[in-house]
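Working notes for the structure below.
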Amino acid sequence: MAENAIIRFDQIKKQYDDKTVLKNINFDIERGKFYTLLGPSGCGKTTILRLIAGFAEATEGTITLDGKVVNDLPANKRKVNTVFQDYALFPHMDVFENIAFGLRIKKMGKKAIQEKVEAVLKMVRLSGYGDRAISEMSGGQRQRVAIARALVNEPEVLLLDEPLSALDLKLRTEMQYELRELQQRLGITFVFVTHDQEEALAMSDEIFVMKDGEIVQSGTPVDIYDEPINRYVADFIGESNIVDGHMLADYQVSFVGHTFECVDAGMKPNEKVEVVLRPEDLVLTSVEQGKLTIKVDTQLFRGVHYEIIGYDRDGNEWMVHSTKKAEVGSEVGLYFEPEDVHVMRFGESEQEFDARLESYDED
């Protein structure tokens, strides 16, 4: 088990009747970090949350919480709380009673409940809102009430199941900052579920990218964005230009009829690969100075940049994000550095990918 790990999944499998929803899931979650389970609907991310919380049982494998196996431990015995997508607040209770509900179930004294609820209201910046009706609260305030209700029980792990999905864009962005700041201030382990890659990149210490009941890639937001393991991850995390190529030698790759320097190594000579270039890494320049030439087909202004779509002479589509404006119908050059070229092998596992990175990092 990793040092400072609070949760461990060891060969976890989950089946419902004949359907397998999780396949041999293995991970360690360290204490005091913000983790995100990222993937499309039906990939198994909420099932992992339910297994941690004790709302579901694993078909196979071992779940460890704070060093103890908890497969058979009921949900109310785990120091884990969940914030649900719909918040699950009681509309007939005011803010104070919503937060105090769990403490009253535990038969805690009136004075202790008062102190704990007031303290947690202060944590989520809702001091003085205790007597408000839930119907009088905004979407963001309701979310903070739901978080306060979870925090008042002093969990070691807070699970959040797509809690921002019902909010409008501006409020969702504000709550991303608030959740991240709250987690860092409290030092509690957060496990957050989302299908929104921007949320995952903005908030997380570590991301688990999921597909069809498996963790495809895990790592920091920067690692996953800069070094996607395959086309699925590259497409799911941000915009990507992906073309077929051949690895000629270490640090040398061929695509769209040209040979380019790159920073990848450890592959077979002339091995078929896929090459990723992010739109923001492509610099608009003159045809003479560019490494590639495209003809501009469309251009949209996105506020902070222009989104330019063009085609090279072989018909490959290229997306460019640039603060410079291009002229539709003109030919422009695209310049990029070797470190902007990311090479992906077909069918490479995360373990093989990590081992290859380590081997050429040492070189």
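Chain identifiers are assigned as A, B, and so on, following the order in which chains appear in the structure tokens; residues are numbered from 1 within each chain, and ligands are numbered from 1 in order of appearance.
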Exercise for review: Could you please write out, as a PyMOL selection string, every residue of segment 87-162 of chain A that DSSP assigns to helix (DSSP H, G or I)?
Suggested key: chain A and resi 95-105+110-123+134-136+139-151
Check your understanding: Which neighbours of Asn76 of chain A fall inside 10 Å, counting only C-alpha atoms, when residues of the same chain fewer than 4 positions from it are skipped, and could you give them as a list in words?
Key -> Ala53, Gly54, Phe55, Val80 and Asn81 of chain A
Any chance you can output those residues with all heavy atoms as a short mmCIF file (atom, residue, chain, number, x, y, z; two decimals), in the first residue's frame?
data_model
loop_
_atom_site.label_atom_id
_atom_site.label_comp_id
_atom_site.auth_asym_id
_atom_site.auth_seq_id
_atom_site.Cartn_x
_atom_site.Cartn_y
_atom_site.Cartn_z
N ALA A 53 -18.33 4.11 -0.44
CA ALA A 53 -19.31 4.54 0.57
C ALA A 53 -19.96 3.38 1.30
O ALA A 53 -20.49 3.55 2.41
CB ALA A 53 -20.38 5.40 -0.09
N GLY A 54 -19.93 2.19 0.69
CA GLY A 54 -20.61 1.05 1.30
C GLY A 54 -22.03 0.87 0.83
O GLY A 54 -22.79 0.09 1.40
N PHE A 55 -22.43 1.57 -0.24
CA PHE A 55 -23.77 1.44 -0.79
C PHE A 55 -23.88 0.25 -1.75
O PHE A 55 -24.97 -0.08 -2.20
CB PHE A 55 -24.19 2.71 -1.53
CG PHE A 55 -24.21 3.95 -0.66
CD1 PHE A 55 -23.86 5.19 -1.17
CD2 PHE A 55 -24.59 3.87 0.67
CE1 PHE A 55 -23.89 6.33 -0.38
CE2 PHE A 55 -24.61 5.01 1.48
CZ PHE A 55 -24.26 6.23 0.95
N VAL A 80 -16.94 8.02 5.97
CA VAL A 80 -17.07 8.51 4.61
C VAL A 80 -18.44 9.15 4.47
O VAL A 80 -19.42 8.62 4.99
CB VAL A 80 -16.95 7.34 3.60
CG1 VAL A 80 -17.28 7.79 2.19
CG2 VAL A 80 -15.55 6.73 3.65
N ASN A 81 -18.53 10.30 3.80
CA ASN A 81 -19.81 10.92 3.51
C ASN A 81 -19.90 11.28 2.04
O ASN A 81 -18.88 11.51 1.39
CB ASN A 81 -20.04 12.16 4.37
CG ASN A 81 -20.63 11.83 5.73
OD1 ASN A 81 -19.91 11.49 6.68
ND2 ASN A 81 -21.95 11.89 5.84
#
Practice item. Can you pull out every residue within 10 Å of segment 158-167 of chain A, counting only C-alpha atoms, but drop anything in the same chain fewer than 4 positions away, and send it as a count of residues only? Key: 44
**Study point:** All residues 8 Å or closer to Gly44 of chain A, only C-alpha atoms, same chain fewer than 4 positions away omitted, as a PyMOL selection string
**Key:** chain A and resi 21-22+48+210-214
Exercise for review: Please give the complete set of residues from segment 111-331 of chain A that DSSP, run on the backbone, assigns to strand (DSSP E or B), formatted as a count of residues only.
Suggested key: 74
**Study point:** Selection near Thr293 of chain A, 9 Å with only C-alpha atoms, sequence-local residues under 2 positions removed, as an MDAnalysis selection string
**Key:** chainID A and resid 286:288 290:291 295 311:313 331:334
So that I have them on file, write out the residues from the current selection with N, CA, C and O atoms, as an mmCIF file, in the first residue's frame.
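Saved to result04.cif:
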data_model
loop_
_atom_site.group_PDB
_atom_site.id
_atom_site.type_symbol
_atom_site.label_atom_id
_atom_site.label_comp_id
_atom_site.auth_asym_id
_atom_site.auth_seq_id
_atom_site.Cartn_x
_atom_site.Cartn_y
_atom_site.Cartn_z
ATOM 1 N N SER A 286 4.329 32.073 -41.446
ATOM 2 C CA SER A 286 4.323 32.072 -42.915
ATOM 3 C C SER A 286 4.541 30.654 -43.423
ATOM 4 O O SER A 286 5.054 29.784 -42.707
ATOM 5 N N VAL A 287 4.152 30.419 -44.678
ATOM 6 C CA VAL A 287 4.352 29.098 -45.282
ATOM 7 C C VAL A 287 5.839 28.733 -45.267
ATOM 8 O O VAL A 287 6.205 27.583 -45.008
ATOM 9 N N GLU A 288 6.702 29.728 -45.497
ATOM 10 C CA GLU A 288 8.148 29.463 -45.564
ATOM 11 C C GLU A 288 8.702 29.041 -44.200
ATOM 12 O O GLU A 288 9.611 28.207 -44.121
ATOM 13 N N GLY A 290 6.890 27.671 -41.671
ATOM 14 C CA GLY A 290 6.123 26.603 -41.042
ATOM 15 C C GLY A 290 6.701 25.224 -41.305
ATOM 16 O O GLY A 290 7.357 24.985 -42.320
ATOM 17 N N LYS A 291 6.447 24.306 -40.393
ATOM 18 C CA LYS A 291 6.811 22.898 -40.585
ATOM 19 C C LYS A 291 5.731 22.155 -41.367
ATOM 20 O O LYS A 291 5.995 21.133 -41.972
ATOM 21 N N LYS A 295 -4.428 25.037 -45.641
ATOM 22 C CA LYS A 295 -5.300 26.035 -46.235
ATOM 23 C C LYS A 295 -6.445 26.275 -45.261
ATOM 24 O O LYS A 295 -7.140 25.333 -44.862
ATOM 25 N N TYR A 311 -6.825 22.485 -43.733
ATOM 26 C CA TYR A 311 -6.488 21.154 -44.269
ATOM 27 C C TYR A 311 -5.131 21.215 -44.951
ATOM 28 O O TYR A 311 -4.817 22.180 -45.665
ATOM 29 N N ASP A 312 -4.316 20.166 -44.707
ATOM 30 C CA ASP A 312 -3.033 20.100 -45.414
ATOM 31 C C ASP A 312 -3.254 19.515 -46.805
ATOM 32 O O ASP A 312 -4.376 19.192 -47.193
ATOM 33 N N ARG A 313 -2.172 19.346 -47.540
ATOM 34 C CA ARG A 313 -2.298 18.936 -48.944
ATOM 35 C C ARG A 313 -2.701 17.479 -49.097
ATOM 36 O O ARG A 313 -3.093 17.042 -50.174
ATOM 37 N N GLU A 331 -3.308 30.204 -47.436
ATOM 38 C CA GLU A 331 -2.398 29.168 -46.943
ATOM 39 C C GLU A 331 -1.513 29.764 -45.855
ATOM 40 O O GLU A 331 -1.009 30.886 -45.996
ATOM 41 N N VAL A 332 -1.359 29.033 -44.757
ATOM 42 C CA VAL A 332 -0.523 29.486 -43.647
ATOM 43 C C VAL A 332 0.387 28.344 -43.221
ATOM 44 O O VAL A 332 0.106 27.160 -43.472
ATOM 45 N N GLY A 333 1.472 28.711 -42.567
ATOM 46 C CA GLY A 333 2.377 27.710 -42.022
ATOM 47 C C GLY A 333 2.051 27.423 -40.560
ATOM 48 O O GLY A 333 1.524 28.285 -39.845
ATOM 49 N N LEU A 334 2.346 26.217 -40.118
ATOM 50 C CA LEU A 334 2.207 25.829 -38.718
ATOM 51 C C LEU A 334 3.574 25.447 -38.181
ATOM 52 O O LEU A 334 4.260 24.580 -38.745
#
Check your understanding: Near Lys116 of chain A, within 10 Å and counting only C-alpha atoms, which residues show up once chain neighbours fewer than 5 positions away are dropped, as a list in words?
Key ->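 Once the nearby chain positions are removed, what remains is Ile99, Ala100, Leu103, Lys111, Leu121, Lys122, Leu151, Val152, Asn153 and Glu154 of chain A.
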Go ahead and write the residues just picked, N, CA, C and O atoms, as a compact mmCIF listing (two decimals), in the first residue's frame.
# COMPACT_ATOMS: atom_id res chain seq x y z
N ILE A 99 -28.42 20.30 8.16
CA ILE A 99 -27.04 19.98 8.54
C ILE A 99 -27.01 19.16 9.82
O ILE A 99 -26.20 18.23 9.97
N ALA A 100 -27.91 19.46 10.74
CA ALA A 100 -27.91 18.78 12.05
C ALA A 100 -28.53 17.40 12.02
O ALA A 100 -28.41 16.64 13.00
N LEU A 103 -26.45 14.41 13.09
CA LEU A 103 -26.03 14.51 14.48
C LEU A 103 -27.18 14.15 15.43
O LEU A 103 -26.98 13.55 16.49
N LYS A 111 -26.23 21.32 22.75
CA LYS A 111 -25.15 22.31 22.70
C LYS A 111 -24.07 21.91 21.71
O LYS A 111 -23.57 22.75 20.93
N LEU A 121 -21.03 25.78 9.15
CA LEU A 121 -21.60 26.86 8.34
C LEU A 121 -20.53 27.92 8.05
O LEU A 121 -20.47 28.47 6.95
N LYS A 122 -19.69 28.19 9.02
CA LYS A 122 -18.60 29.16 8.82
C LYS A 122 -17.61 28.63 7.79
O LYS A 122 -17.11 29.39 6.95
N LEU A 151 -19.77 17.39 5.95
CA LEU A 151 -18.59 17.71 6.75
C LEU A 151 -18.85 17.68 8.25
O LEU A 151 -17.93 17.40 9.04
N VAL A 152 -20.09 17.93 8.67
CA VAL A 152 -20.38 18.00 10.10
C VAL A 152 -20.16 16.66 10.78
O VAL A 152 -19.94 16.59 11.99
N ASN A 153 -20.18 15.59 9.99
CA ASN A 153 -19.94 14.25 10.53
C ASN A 153 -18.45 13.90 10.61
O ASN A 153 -18.10 12.77 10.95
N GLU A 154 -17.59 14.87 10.26
CA GLU A 154 -16.14 14.73 10.33
C GLU A 154 -15.64 13.49 9.57
O GLU A 154 -14.95 12.64 10.12
Check your understanding: Looking at A:Cys262, A:Ile105, A:Met344, A:Val95, which one is nearest to Ala148 of chain A, with distances taken over only C-alpha atoms?
Key ->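 For Ala148 of chain A, the nearest of the given residues is A:Val95.
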Review point. If we count only C-alpha atoms, what is near Leu65 of chain A at a cut-off of 7 Å, once residues fewer than 5 positions away on the same chain are taken out, given as a list in words?
Key: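 What passes the distance filter is Ile6, Ile7, Arg8 and Val70 of chain A.
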Can those selected residues be exported to a file as a PDB file, in the first residue's frame so that it contains N, CA, C and O atoms?
ATOM      1  N   ILE A   6      -5.225   6.209   2.092  1.00  0.00           N
ATOM      2  CA  ILE A   6      -6.387   6.024   2.957  1.00  0.00           C
ATOM      3  C   ILE A   6      -7.380   5.032   2.355  1.00  0.00           C
ATOM      4  O   ILE A   6      -8.128   4.377   3.072  1.00  0.00           O
ATOM      5  N   ILE A   7      -7.392   4.896   1.012  1.00  0.00           N
ATOM      6  CA  ILE A   7      -8.266   3.940   0.331  1.00  0.00           C
ATOM      7  C   ILE A   7      -7.437   3.110  -0.631  1.00  0.00           C
ATOM      8  O   ILE A   7      -6.555   3.633  -1.313  1.00  0.00           O
ATOM      9  N   ARG A   8      -7.733   1.808  -0.656  1.00  0.00           N
ATOM     10  CA  ARG A   8      -7.081   0.950  -1.631  1.00  0.00           C
ATOM     11  C   ARG A   8      -8.091  -0.001  -2.251  1.00  0.00           C
ATOM     12  O   ARG A   8      -8.879  -0.627  -1.537  1.00  0.00           O
ATOM     13  N   VAL A  70     -12.799  -3.347   4.433  1.00  0.00           N
ATOM     14  CA  VAL A  70     -14.155  -2.879   4.748  1.00  0.00           C
ATOM     15  C   VAL A  70     -15.218  -3.487   3.839  1.00  0.00           C
ATOM     16  O   VAL A  70     -16.349  -2.996   3.811  1.00  0.00           O
TER      17      VAL A  70
END
Review point. Looking at only C-alpha atoms, which of A:Cys43, A:Val145, A:Val157, A:Leu51 is the one that sits closest to Phe9 of chain A?
Key: A:Leu51
Practice item. Find, counting only C-alpha atoms, the residue in A:Ala119, A:Met93, A:Ile237, A:Val216 that gets nearest to Glu136 of chain A. Key: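 Going through A:Ala119, A:Met93, A:Ile237, A:Val216 one by one, the smallest distance to Glu136 of chain A is for A:Met93.
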Exercise for review: Work out how far atom CA of Glu57 of chain A is from atom CA of Ile25 of chain A, in Å to one decimal.
Suggested key: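 Taking atom CA of Ile25 of chain A as the start and atom CA of Glu57 of chain A as the end point, the length is 13.8 Å.
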